[in-house]
>>> print(open('data11.txt').read())   # compact mmCIF, C-alpha atoms
# COMPACT_ATOMS: atom_id res chain seq x y z
CA MET A 1 -82.17 4.56 -53.77
CA ARG A 2 -84.00 1.88 -51.89
CA ASN A 3 -87.04 0.56 -53.75
CA ASP A 4 -89.09 0.26 -50.57
CA ILE A 5 -88.58 3.96 -49.76
CA TYR A 6 -89.30 4.89 -53.38
CA GLU A 7 -92.67 3.10 -53.15
CA MET A 8 -93.44 4.68 -49.76
CA LYS A 9 -92.92 8.17 -51.24
CA LYS A 10 -95.99 7.58 -53.41
CA ASP A 11 -98.20 7.38 -50.30
CA PRO A 12 -98.76 10.82 -48.69
CA ALA A 13 -99.74 9.09 -45.42
CA LYS A 14 -96.17 7.75 -45.11
CA LYS A 15 -94.48 11.15 -45.44
CA ALA A 16 -93.22 11.20 -41.82
CA GLU A 17 -91.95 7.62 -42.04
CA VAL A 18 -90.07 8.39 -45.26
CA ALA A 19 -88.55 11.53 -43.72
CA LYS A 20 -87.28 9.47 -40.78
CA LEU A 21 -85.70 6.87 -43.08
CA LEU A 22 -84.02 9.58 -45.17
CA ALA A 23 -82.69 11.62 -42.24
CA GLY A 24 -78.98 12.26 -42.80
CA ARG A 25 -79.06 10.74 -46.29
CA GLN A 26 -79.86 13.87 -48.28
CA VAL A 27 -79.02 17.53 -48.14
CA THR A 28 -79.89 20.69 -50.04
CA TYR A 29 -77.51 23.58 -50.58
CA PRO A 30 -78.80 26.84 -52.07
CA ALA A 31 -77.08 28.10 -55.20
CA THR A 32 -77.68 31.28 -57.14
CA ILE A 33 -77.31 30.66 -60.85
CA GLU A 34 -78.21 32.75 -63.87
CA ALA A 35 -80.45 31.44 -66.64
CA GLY A 36 -78.61 31.05 -69.92
CA LYS A 37 -75.14 30.96 -68.32
CA TRP A 38 -72.99 27.83 -68.42
CA TYR A 39 -71.36 26.51 -65.24
CA ALA A 40 -68.76 23.84 -64.53
CA LEU A 41 -70.25 21.38 -62.04
CA VAL A 42 -68.01 18.70 -60.50
CA VAL A 43 -69.31 15.92 -58.27
CA GLU A 44 -66.69 13.75 -56.57
CA THR A 45 -67.37 10.69 -54.46
CA VAL A 46 -64.86 8.87 -52.28
CA GLY A 47 -66.19 6.12 -50.06
CA ASP A 48 -69.29 7.44 -48.33
CA GLU A 49 -68.52 11.12 -48.98
CA MET A 50 -69.61 13.35 -51.85
CA ARG A 51 -68.50 16.89 -52.55
CA VAL A 52 -69.70 19.32 -55.17
CA THR A 53 -67.99 22.32 -56.71
CA LEU A 54 -69.56 24.91 -58.97
CA ASP A 55 -67.08 26.81 -61.15
CA GLY A 56 -64.30 25.57 -58.88
CA LYS A 57 -65.90 26.83 -55.66
CA PRO A 58 -67.25 24.51 -52.92
CA ALA A 59 -71.02 24.13 -53.32
CA GLY A 60 -72.02 21.09 -51.25
CA PHE A 61 -70.97 18.11 -49.17
CA LEU A 62 -72.72 14.96 -47.97
CA LYS A 63 -71.54 11.95 -45.98
CA SER A 64 -73.96 9.03 -46.16
CA PRO A 65 -73.53 5.24 -46.17
CA GLY A 66 -75.62 4.97 -49.35
CA ILE A 67 -72.95 6.77 -51.36
CA ALA A 68 -70.49 3.91 -50.87
CA HIS A 69 -73.02 1.17 -51.69
CA ALA A 70 -71.16 -1.67 -53.43
CA THR A 71 -73.64 -1.99 -56.33
CA LYS A 72 -74.41 1.69 -56.85
CA SER A 73 -74.24 2.44 -60.55
CA LYS A 74 -76.79 5.20 -61.04
CA ILE A 75 -76.14 8.90 -61.55
CA GLU A 76 -78.99 11.39 -61.54
CA LEU A 77 -78.86 15.03 -62.53
CA GLY A 78 -81.80 17.26 -61.78
CA VAL A 79 -82.75 20.92 -61.81
CA ALA A 80 -85.43 20.90 -59.08
CA GLY A 81 -88.37 20.96 -61.47
CA LYS A 82 -86.96 23.84 -63.53
CA ASP A 83 -85.59 23.90 -67.07
CA GLY A 84 -81.91 23.15 -67.46
CA PHE A 85 -79.34 21.81 -69.86
CA PHE A 86 -76.34 19.52 -69.41
CA ASP A 87 -73.45 19.31 -71.85
CA ASP A 88 -70.09 17.58 -72.04
CA ILE A 89 -70.77 15.11 -69.21
CA LYS A 90 -67.80 12.93 -68.23
CA VAL A 91 -67.82 10.06 -65.75
CA TRP A 92 -64.76 8.11 -64.66
CA ASN A 93 -63.23 6.11 -61.84
CA ALA A 94 -60.07 7.39 -60.23
CA GLU A 95 -57.69 5.90 -57.70
CA PRO A 96 -57.07 7.86 -54.50
CA ALA A 97 -53.71 9.63 -54.31
CA LYS A 98 -51.17 7.69 -52.26
>>> encode(input="data11.txt", output="structure tokens")
Amino acid sequence: MRNDIYEMKKDPAKKAEVAKLLAGRQVTYPATIEAGKWYALVVETVGDEMRVTLDGKPAGFLKSPGIAHATKSKIELGVAGKDGFFDDIKVWNAEPAK
């Protein structure tokens, strides 16, 4: 996340400018989930590509140069303003298969 864009998001007058800067860098995929049910969510990144599976089924994909940023170290999990729980979170680096 670029700090300049983060600051611009605070100014409603810059909404169009922010949208232009973020074009192609974010995506939303709808998912139907039940409250109180646990799901296995997997997020994999390789280079500038990210894919998401939910209970082993494809749920999302994004290709963006920001994903492969050399100093990226932040992971964020959100539930779009709703209530949600996360459990048994694992993060690791893996080498691509040869």
>>> closest_residue(input="data11.txt", among="A:Leu77, A:Leu54, A:Asn93, A:Glu44", to="Thr32 in chain A", atoms="only C-alpha atoms")
A:Leu54
>>> closest_residue(input="data11.txt", among="A:Lys74, A:Lys9, A:Lys57, A:Arg51", to="Ala31 in chain A", atoms="only C-alpha atoms")
A:Lys57
>>> residues_around(input="data11.txt", residues="Met50 in chain A", least_positions_apart="4", cutoff="8 Å", atoms="all atoms listed in the file", output="ChimeraX atom specification")
/A:43-46,61-63,67
>>> atom_distance(input="data11.txt", atom1="CA of Gly60 in chain A", atom2="CA of Gly47 in chain A")
16.1 Å
>>> closest_residue(input="data11.txt", among="A:Ala59, A:Asp11, A:Thr53, A:Gly66", to="Gln26 in chain A", atoms="all atoms listed in the file")
A:Gly66
>>> closest_residue(input="data11.txt", among="A:Pro12, A:His69, A:Ala35, A:Gly56", to="Lys82 in chain A", atoms="only C-alpha atoms")
A:Ala35
>>> closest_residue(input="data11.txt", among="A:Lys20, A:Pro65, A:Asp55, A:Pro30", to="Ala80 in chain A", atoms="only C-alpha atoms")
A:Pro30
>>> atom_distance(input="data11.txt", atom1="CA of Ala23 in chain A", atom2="CA of Ser64 in chain A")
9.9 Å
>>> build_atoms(input="data11.txt", residues="range 11-34 of chain A", atoms="N, CA and C atoms", output="short mmCIF file (atom, residue, chain, number, x, y, z; two decimals), in the frame of the given file")
data_model
loop_
_atom_site.label_atom_id
_atom_site.label_comp_id
_atom_site.auth_asym_id
_atom_site.auth_seq_id
_atom_site.Cartn_x
_atom_site.Cartn_y
_atom_site.Cartn_z
N ASP A 11 -97.08 7.35 -51.24
CA ASP A 11 -98.20 7.38 -50.30
C ASP A 11 -98.05 8.58 -49.37
N PRO A 12 -98.88 9.63 -49.54
CA PRO A 12 -98.76 10.82 -48.69
C PRO A 12 -98.88 10.51 -47.19
N ALA A 13 -99.57 9.45 -46.83
CA ALA A 13 -99.74 9.09 -45.42
C ALA A 13 -98.43 8.61 -44.79
N LYS A 14 -97.45 8.26 -45.62
CA LYS A 14 -96.17 7.75 -45.11
C LYS A 14 -95.07 8.80 -45.16
N LYS A 15 -95.46 10.06 -45.32
CA LYS A 15 -94.48 11.15 -45.44
C LYS A 15 -93.53 11.21 -44.24
N ALA A 16 -94.06 11.12 -43.03
CA ALA A 16 -93.22 11.20 -41.82
C ALA A 16 -92.28 10.00 -41.73
N GLU A 17 -92.78 8.83 -42.09
CA GLU A 17 -91.95 7.62 -42.04
C GLU A 17 -90.81 7.71 -43.05
N VAL A 18 -91.11 8.21 -44.23
CA VAL A 18 -90.07 8.39 -45.26
C VAL A 18 -89.03 9.40 -44.78
N ALA A 19 -89.47 10.50 -44.21
CA ALA A 19 -88.55 11.53 -43.72
C ALA A 19 -87.60 10.95 -42.67
N LYS A 20 -88.12 10.09 -41.81
CA LYS A 20 -87.28 9.47 -40.78
C LYS A 20 -86.24 8.55 -41.41
N LEU A 21 -86.63 7.78 -42.41
CA LEU A 21 -85.70 6.87 -43.08
C LEU A 21 -84.62 7.62 -43.87
N LEU A 22 -84.96 8.81 -44.36
CA LEU A 22 -84.02 9.58 -45.17
C LEU A 22 -83.17 10.56 -44.36
N ALA A 23 -83.44 10.68 -43.07
CA ALA A 23 -82.69 11.62 -42.24
C ALA A 23 -81.19 11.34 -42.34
N GLY A 24 -80.43 12.39 -42.67
CA GLY A 24 -78.98 12.26 -42.80
C GLY A 24 -78.51 11.68 -44.11
N ARG A 25 -79.43 11.36 -45.01
CA ARG A 25 -79.06 10.74 -46.29
C ARG A 25 -79.24 11.68 -47.48
N GLN A 26 -79.70 12.89 -47.21
CA GLN A 26 -79.86 13.87 -48.28
C GLN A 26 -79.64 15.25 -47.70
N VAL A 27 -79.29 16.16 -48.57
CA VAL A 27 -79.02 17.53 -48.14
C VAL A 27 -79.29 18.46 -49.31
N THR A 28 -79.67 19.68 -49.00
CA THR A 28 -79.89 20.69 -50.04
C THR A 28 -79.03 21.89 -49.72
N TYR A 29 -78.30 22.37 -50.71
CA TYR A 29 -77.51 23.58 -50.58
C TYR A 29 -78.03 24.61 -51.58
N PRO A 30 -78.31 25.82 -51.13
CA PRO A 30 -78.80 26.84 -52.07
C PRO A 30 -77.68 27.28 -53.01
N ALA A 31 -78.05 27.58 -54.22
CA ALA A 31 -77.08 28.10 -55.20
C ALA A 31 -77.78 29.14 -56.06
N THR A 32 -77.13 30.25 -56.27
CA THR A 32 -77.68 31.28 -57.14
C THR A 32 -77.02 31.12 -58.51
N ILE A 33 -77.83 30.81 -59.49
CA ILE A 33 -77.31 30.66 -60.85
C ILE A 33 -78.16 31.49 -61.80
N GLU A 34 -77.53 31.91 -62.88
CA GLU A 34 -78.21 32.75 -63.87
C GLU A 34 -78.70 31.88 -65.04
#
